[in-house]
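Right, one structure below, let's go through it.
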Amino acid sequence: MTFRKRDGLFLLIVAAVFITFYVISGSIKTTRVPYDETHRPFYEMREAGMKKIEVDAQCEQCHDGEQIAFPPEHPAKPGDAPMRCLFCHKLEDR
Ligand code: HEC
Ligand code: HEC
């Protein structure tokens with residue numbers, strides 16, 4: 001069997017898929033949501049069965065870029081709708 005250009009392309013696609021899974025599986029660590037007085041209600045909302053996207057909507061009450069500033073290199077800017085905070089910032093494992 002000869003190795004063709006198409007086989008290389010196939011391998012490249014397989015590799016890309018694996019890398020994508022690796023990244024979204026949370027192996028790249030973003031600061032977790034602290035389990036503290038302020039953030040405990042959000043843990044309780046998730047435990048009560050609320051959807052992530054519904055909980056996300058409440059973060060901007062405080063994290064609106066003014067009361068609490070985002071790091072300058074923050075990938076999501078306030079006003080980017082919808083802000084999927086919990087997609088990147090996981091809850092602590094408990
Ligand atoms: C009532 C105001 C308030 C709300 C609502 C809130 N936060 Fe926070 N958050 C804070 C404050 C104050 C801090 C900084 C002090 C601290 O760590 O508690 C903080 C810090 C953080 C940090 C950084 C922790 C660290 O280690 O530096 C993350 C991540 C975070 N919040 C995510 C979220 C997410 C996600 C939501 C929505 C589910 C949310 N917050 C909702 C007030 C809030
Ligand atoms: C696309 C992914 C992504 C989304 C969406 C996102 N963040 Fe972040 N956030 C990051 C990254 C990456 C950093 C910088 C690295 C770190 O501190 O974890 C960061 C940093 C932060 C920090 C500073 C943490 C520290 O240690 O100082 C806070 C607070 C924060 N984000 C809160 C939020 C909140 C609240 C939302 C939703 C309104 C949000 N983020 C949405 C990826 C994201």
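The chains in the structure tokens are called A, B, ... from first to last as shown; in each chain the residues are counted from 1, and the ligands are counted from 1 in the order shown.
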Can you list, as a PDB file with N, CA, C and O atoms, in the first residue's frame, every protein, DNA or RNA residue that comes within 9 Å of Cys85 of chain A when you count only C-alpha atoms, leaving out same-chain residues fewer than 5 positions away?
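Once written, part-v2.pdb looks like this:
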ATOM      1  N   LYS A  52     -27.355  25.162  32.658  1.00  0.00           N
ATOM      2  CA  LYS A  52     -26.165  26.006  32.720  1.00  0.00           C
ATOM      3  C   LYS A  52     -26.430  27.378  32.125  1.00  0.00           C
ATOM      4  O   LYS A  52     -26.026  28.392  32.670  1.00  0.00           O
ATOM      5  N   ILE A  53     -27.129  27.378  31.012  1.00  0.00           N
ATOM      6  CA  ILE A  53     -27.328  28.648  30.296  1.00  0.00           C
ATOM      7  C   ILE A  53     -28.183  29.613  31.129  1.00  0.00           C
ATOM      8  O   ILE A  53     -28.012  30.834  31.044  1.00  0.00           O
ATOM      9  N   VAL A  55     -28.126  29.681  34.476  1.00  0.00           N
ATOM     10  CA  VAL A  55     -27.272  30.140  35.564  1.00  0.00           C
ATOM     11  C   VAL A  55     -26.277  31.185  35.028  1.00  0.00           C
ATOM     12  O   VAL A  55     -26.041  32.216  35.666  1.00  0.00           O
ATOM     13  N   ASP A  56     -25.758  30.934  33.833  1.00  0.00           N
ATOM     14  CA  ASP A  56     -24.835  31.873  33.180  1.00  0.00           C
ATOM     15  C   ASP A  56     -25.378  33.293  33.184  1.00  0.00           C
ATOM     16  O   ASP A  56     -24.649  34.258  33.386  1.00  0.00           O
ATOM     17  N   ALA A  57     -26.675  33.407  32.944  1.00  0.00           N
ATOM     18  CA  ALA A  57     -27.300  34.715  32.759  1.00  0.00           C
ATOM     19  C   ALA A  57     -27.183  35.574  34.019  1.00  0.00           C
ATOM     20  O   ALA A  57     -27.370  36.783  33.947  1.00  0.00           O
ATOM     21  N   CYS A  59     -24.468  35.734  36.146  1.00  0.00           N
ATOM     22  CA  CYS A  59     -23.101  36.100  36.522  1.00  0.00           C
ATOM     23  C   CYS A  59     -22.851  37.590  36.306  1.00  0.00           C
ATOM     24  O   CYS A  59     -22.129  38.217  37.071  1.00  0.00           O
ATOM     25  N   ALA A  76     -14.054  36.506  26.435  1.00  0.00           N
ATOM     26  CA  ALA A  76     -15.427  36.956  26.213  1.00  0.00           C
ATOM     27  C   ALA A  76     -15.575  38.347  26.813  1.00  0.00           C
ATOM     28  O   ALA A  76     -15.166  38.577  27.941  1.00  0.00           O
ATOM     29  N   LYS A  90     -15.583  26.059  35.032  1.00  0.00           N
ATOM     30  CA  LYS A  90     -16.325  24.934  35.602  1.00  0.00           C
ATOM     31  C   LYS A  90     -16.557  25.161  37.089  1.00  0.00           C
ATOM     32  O   LYS A  90     -15.797  25.868  37.744  1.00  0.00           O
TER      33      LYS A  90
END
Would you write out, as a Markdown table, a table of all residues in chain A that have an atom no more than 10 Å from an atom of ligand 1, listing for each the closest atom pair and the distance in Å to one decimal, considering only C-alpha atoms and all ligand atoms and ordering rows by chain and rising residue number?
| residue | atom | partner | partner_atom_place_in_ligand_line | distance |
| --- | --- | --- | --- | --- |
| A:Thr30 | CA | ligand 1 | 29 (C) | 7.8 |
| A:Thr31 | CA | ligand 1 | 29 (C) | 5.1 |
| A:Arg32 | CA | ligand 1 | 29 (C) | 5.1 |
| A:Val33 | CA | ligand 1 | 29 (C) | 4.3 |
| A:Pro34 | CA | ligand 1 | 24 (C) | 5.5 |
| A:Tyr35 | CA | ligand 1 | 18 (O) | 8.2 |
| A:Asp36 | CA | ligand 1 | 18 (O) | 6.4 |
| A:Glu37 | CA | ligand 1 | 18 (O) | 7.6 |
| A:Thr38 | CA | ligand 1 | 1 (C) | 5.5 |
| A:His39 | CA | ligand 1 | 6 (C) | 5.9 |
| A:Arg40 | CA | ligand 1 | 38 (C) | 9.2 |
| A:Pro41 | CA | ligand 1 | 38 (C) | 8.5 |
| A:Phe42 | CA | ligand 1 | 38 (C) | 5.4 |
| A:Tyr43 | CA | ligand 1 | 38 (C) | 8.1 |
| A:Met45 | CA | ligand 1 | 38 (C) | 9.3 |
| A:Arg46 | CA | ligand 1 | 38 (C) | 9.5 |
| A:Lys52 | CA | ligand 1 | 38 (C) | 8.4 |
| A:Ile53 | CA | ligand 1 | 38 (C) | 9.4 |
| A:Glu54 | CA | ligand 1 | 38 (C) | 9.1 |
| A:Val55 | CA | ligand 1 | 38 (C) | 5.5 |
| A:Asp56 | CA | ligand 1 | 38 (C) | 5.1 |
| A:Ala57 | CA | ligand 1 | 37 (C) | 7.3 |
| A:Gln58 | CA | ligand 1 | 37 (C) | 5.6 |
| A:Cys59 | CA | ligand 1 | 37 (C) | 3.4 |
| A:Glu60 | CA | ligand 1 | 5 (C) | 6.5 |
| A:Gln61 | CA | ligand 1 | 5 (C) | 5.2 |
| A:Cys62 | CA | ligand 1 | 2 (C) | 4.3 |
| A:His63 | CA | ligand 1 | 7 (N) | 6.0 |
| A:Asp64 | CA | ligand 1 | 4 (C) | 9.5 |
| A:Gln67 | CA | ligand 1 | 12 (C) | 8.6 |
| A:Ile68 | CA | ligand 1 | 11 (C) | 7.0 |
| A:Ala69 | CA | ligand 1 | 13 (C) | 9.8 |
| A:Phe70 | CA | ligand 1 | 23 (C) | 9.5 |
| A:Met83 | CA | ligand 1 | 35 (C) | 9.5 |
| A:Arg84 | CA | ligand 1 | 35 (C) | 8.3 |
| A:Cys85 | CA | ligand 1 | 35 (C) | 4.8 |
| A:Leu86 | CA | ligand 1 | 35 (C) | 5.3 |
| A:Phe87 | CA | ligand 1 | 35 (C) | 8.7 |
| A:Cys88 | CA | ligand 1 | 35 (C) | 8.4 |
| A:His89 | CA | ligand 1 | 29 (C) | 5.6 |
| A:Lys90 | CA | ligand 1 | 35 (C) | 7.6 |
| A:Leu91 | CA | ligand 1 | 35 (C) | 7.9 |
ask   = Could you work out how far atom 31 (N, counted along the ligand's line) of ligand 2 lies from atom CA of Gly79 of chain A, giving the answer in Å with one decimal?
value =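 Separation between atom CA of Gly79 of chain A and atom 31 (N, counted along the ligand's line) of ligand 2: 14.2 Å.
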task = Please measure the separation of atom 11 (C, counted along the ligand's line) of ligand 2 and atom CA of His74 of chain A, giving the value in Å to one decimal.
result = 5.5 Å
If you run DSSP on the backbone here, which positions in chain A get helix (DSSP H, G or I)? Please write them as a compact mmCIF listing (two decimals) with N, CA, C and O atoms, in the first residue's frame.
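Output (result-v7.txt):
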# COMPACT_ATOMS: atom_id res chain seq x y z
N LYS A 5 -1.25 11.39 -0.65
CA LYS A 5 -1.55 12.70 -0.05
C LYS A 5 -2.87 12.65 0.71
O LYS A 5 -3.00 13.20 1.79
N ARG A 6 -3.82 11.93 0.14
CA ARG A 6 -5.15 11.84 0.76
C ARG A 6 -5.07 11.19 2.12
O ARG A 6 -5.84 11.53 3.03
N ASP A 7 -4.16 10.20 2.27
CA ASP A 7 -4.01 9.53 3.57
C ASP A 7 -3.48 10.52 4.59
O ASP A 7 -3.90 10.50 5.75
N GLY A 8 -2.58 11.38 4.17
CA GLY A 8 -2.03 12.40 5.07
C GLY A 8 -3.11 13.33 5.53
O GLY A 8 -3.21 13.65 6.72
N LEU A 9 -3.96 13.72 4.61
CA LEU A 9 -5.07 14.62 4.93
C LEU A 9 -6.00 13.96 5.95
O LEU A 9 -6.43 14.58 6.92
N PHE A 10 -6.26 12.67 5.73
CA PHE A 10 -7.12 11.91 6.64
C PHE A 10 -6.54 11.91 8.05
O PHE A 10 -7.24 12.19 9.02
N LEU A 11 -5.24 11.63 8.15
CA LEU A 11 -4.58 11.61 9.46
C LEU A 11 -4.65 12.97 10.14
O LEU A 11 -4.86 13.07 11.34
N LEU A 12 -4.51 14.01 9.33
CA LEU A 12 -4.56 15.38 9.85
C LEU A 12 -5.93 15.66 10.46
O LEU A 12 -6.04 16.25 11.53
N ILE A 13 -6.98 15.20 9.78
CA ILE A 13 -8.33 15.43 10.27
C ILE A 13 -8.56 14.66 11.56
O ILE A 13 -9.09 15.19 12.53
N VAL A 14 -8.09 13.41 11.59
CA VAL A 14 -8.23 12.60 12.82
C VAL A 14 -7.52 13.30 13.98
O VAL A 14 -8.07 13.43 15.08
N ALA A 15 -6.31 13.80 13.72
CA ALA A 15 -5.54 14.48 14.77
C ALA A 15 -6.29 15.72 15.26
O ALA A 15 -6.38 15.96 16.46
N ALA A 16 -6.87 16.46 14.32
CA ALA A 16 -7.59 17.69 14.69
C ALA A 16 -8.77 17.36 15.59
O ALA A 16 -9.04 18.06 16.57
N VAL A 17 -9.45 16.28 15.28
CA VAL A 17 -10.61 15.87 16.09
C VAL A 17 -10.15 15.52 17.50
O VAL A 17 -10.75 15.95 18.49
N PHE A 18 -9.05 14.79 17.60
CA PHE A 18 -8.54 14.41 18.93
C PHE A 18 -8.13 15.63 19.74
O PHE A 18 -8.42 15.73 20.93
N ILE A 19 -7.46 16.57 19.08
CA ILE A 19 -7.02 17.77 19.79
C ILE A 19 -8.23 18.56 20.29
O ILE A 19 -8.26 19.01 21.43
N THR A 20 -9.25 18.64 19.46
CA THR A 20 -10.46 19.35 19.85
C THR A 20 -11.09 18.71 21.09
O THR A 20 -11.45 19.40 22.04
N PHE A 21 -11.19 17.39 21.09
CA PHE A 21 -11.76 16.69 22.25
C PHE A 21 -10.93 16.95 23.50
O PHE A 21 -11.47 17.17 24.57
N TYR A 22 -9.62 16.93 23.33
CA TYR A 22 -8.71 17.14 24.44
C TYR A 22 -8.96 18.52 25.06
O TYR A 22 -9.08 18.67 26.26
N VAL A 23 -9.10 19.51 24.21
CA VAL A 23 -9.29 20.88 24.68
C VAL A 23 -10.64 21.03 25.39
O VAL A 23 -10.70 21.54 26.50
N ILE A 24 -11.71 20.52 24.77
CA ILE A 24 -13.02 20.74 25.37
C ILE A 24 -13.29 19.82 26.55
O ILE A 24 -14.21 20.03 27.30
N SER A 25 -12.47 18.81 26.74
CA SER A 25 -12.67 17.91 27.89
C SER A 25 -12.21 18.58 29.18
O SER A 25 -12.31 18.00 30.25
N GLY A 26 -11.69 19.80 29.08
CA GLY A 26 -11.33 20.55 30.28
C GLY A 26 -9.89 20.33 30.70
O GLY A 26 -9.50 20.69 31.80
N SER A 27 -9.10 19.74 29.82
CA SER A 27 -7.70 19.52 30.16
C SER A 27 -6.94 20.84 30.18
O SER A 27 -5.90 20.96 30.79
N ARG A 40 -21.92 30.10 46.09
CA ARG A 40 -22.63 28.88 46.49
C ARG A 40 -24.04 28.79 45.90
O ARG A 40 -24.46 27.71 45.47
N PRO A 41 -24.79 29.92 45.82
CA PRO A 41 -26.14 29.84 45.23
C PRO A 41 -26.15 29.23 43.83
O PRO A 41 -27.10 28.54 43.47
N PHE A 42 -25.08 29.44 43.06
CA PHE A 42 -25.06 28.91 41.69
C PHE A 42 -24.85 27.40 41.69
O PHE A 42 -25.38 26.70 40.83
N TYR A 43 -24.07 26.91 42.66
CA TYR A 43 -23.94 25.45 42.83
C TYR A 43 -25.31 24.86 43.15
O TYR A 43 -25.68 23.80 42.64
N GLU A 44 -26.04 25.57 44.03
CA GLU A 44 -27.36 25.06 44.45
C GLU A 44 -28.34 25.08 43.28
O GLU A 44 -29.14 24.17 43.12
N MET A 45 -28.26 26.12 42.44
CA MET A 45 -29.15 26.18 41.27
C MET A 45 -28.89 25.01 40.33
O MET A 45 -29.82 24.43 39.78
N ARG A 46 -27.60 24.69 40.13
CA ARG A 46 -27.26 23.57 39.25
C ARG A 46 -27.75 22.26 39.86
O ARG A 46 -28.27 21.41 39.14
N GLU A 47 -27.56 22.12 41.18
CA GLU A 47 -28.01 20.90 41.85
C GLU A 47 -29.52 20.77 41.78
O GLU A 47 -30.06 19.67 41.70
N LYS A 52 -27.36 25.16 32.66
CA LYS A 52 -26.17 26.01 32.72
C LYS A 52 -26.43 27.38 32.12
O LYS A 52 -26.03 28.39 32.67
N ILE A 53 -27.13 27.38 31.01
CA ILE A 53 -27.33 28.65 30.30
C ILE A 53 -28.18 29.61 31.13
O ILE A 53 -28.01 30.83 31.04
N GLU A 54 -29.07 29.06 31.98
CA GLU A 54 -29.90 29.92 32.84
C GLU A 54 -29.07 30.48 33.99
O GLU A 54 -29.30 31.61 34.43
N VAL A 55 -28.13 29.68 34.48
CA VAL A 55 -27.27 30.14 35.56
C VAL A 55 -26.28 31.19 35.03
O VAL A 55 -26.04 32.22 35.67
N ASP A 56 -25.76 30.93 33.83
CA ASP A 56 -24.84 31.87 33.18
C ASP A 56 -25.38 33.29 33.18
O ASP A 56 -24.65 34.26 33.39
N CYS A 59 -24.47 35.73 36.15
CA CYS A 59 -23.10 36.10 36.52
C CYS A 59 -22.85 37.59 36.31
O CYS A 59 -22.13 38.22 37.07
N GLU A 60 -23.49 38.13 35.28
CA GLU A 60 -23.21 39.51 34.91
C GLU A 60 -23.82 40.54 35.87
O GLU A 60 -23.53 41.72 35.76
N GLN A 61 -24.64 40.08 36.82
CA GLN A 61 -25.08 40.98 37.90
C GLN A 61 -23.86 41.62 38.56
O GLN A 61 -23.91 42.77 38.97
N CYS A 85 -20.46 31.69 30.71
CA CYS A 85 -19.41 31.62 31.73
C CYS A 85 -19.06 30.19 32.11
O CYS A 85 -17.90 29.81 32.17
N LEU A 86 -20.11 29.38 32.36
CA LEU A 86 -19.87 28.04 32.88
C LEU A 86 -19.35 27.08 31.82
O LEU A 86 -18.93 25.98 32.13
N PHE A 87 -19.39 27.53 30.57
CA PHE A 87 -18.80 26.71 29.51
C PHE A 87 -17.29 26.68 29.68
O PHE A 87 -16.65 25.66 29.42
N CYS A 88 -16.73 27.78 30.12
CA CYS A 88 -15.27 27.85 30.31
C CYS A 88 -14.88 27.72 31.78
O CYS A 88 -13.88 27.09 32.09
ask   = Looking at only C-alpha atoms and all ligand atoms, which of A:Phe3, A:Gly49, A:Glu73, A:Asp93 is the one that sits closest to ligand 2?
value = A:Glu73
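Taking atom 20 (C, counted along the ligand's line) of ligand 2 and atom CA of Pro75 of chain A as the two end points, the separation is 8.0 Å.
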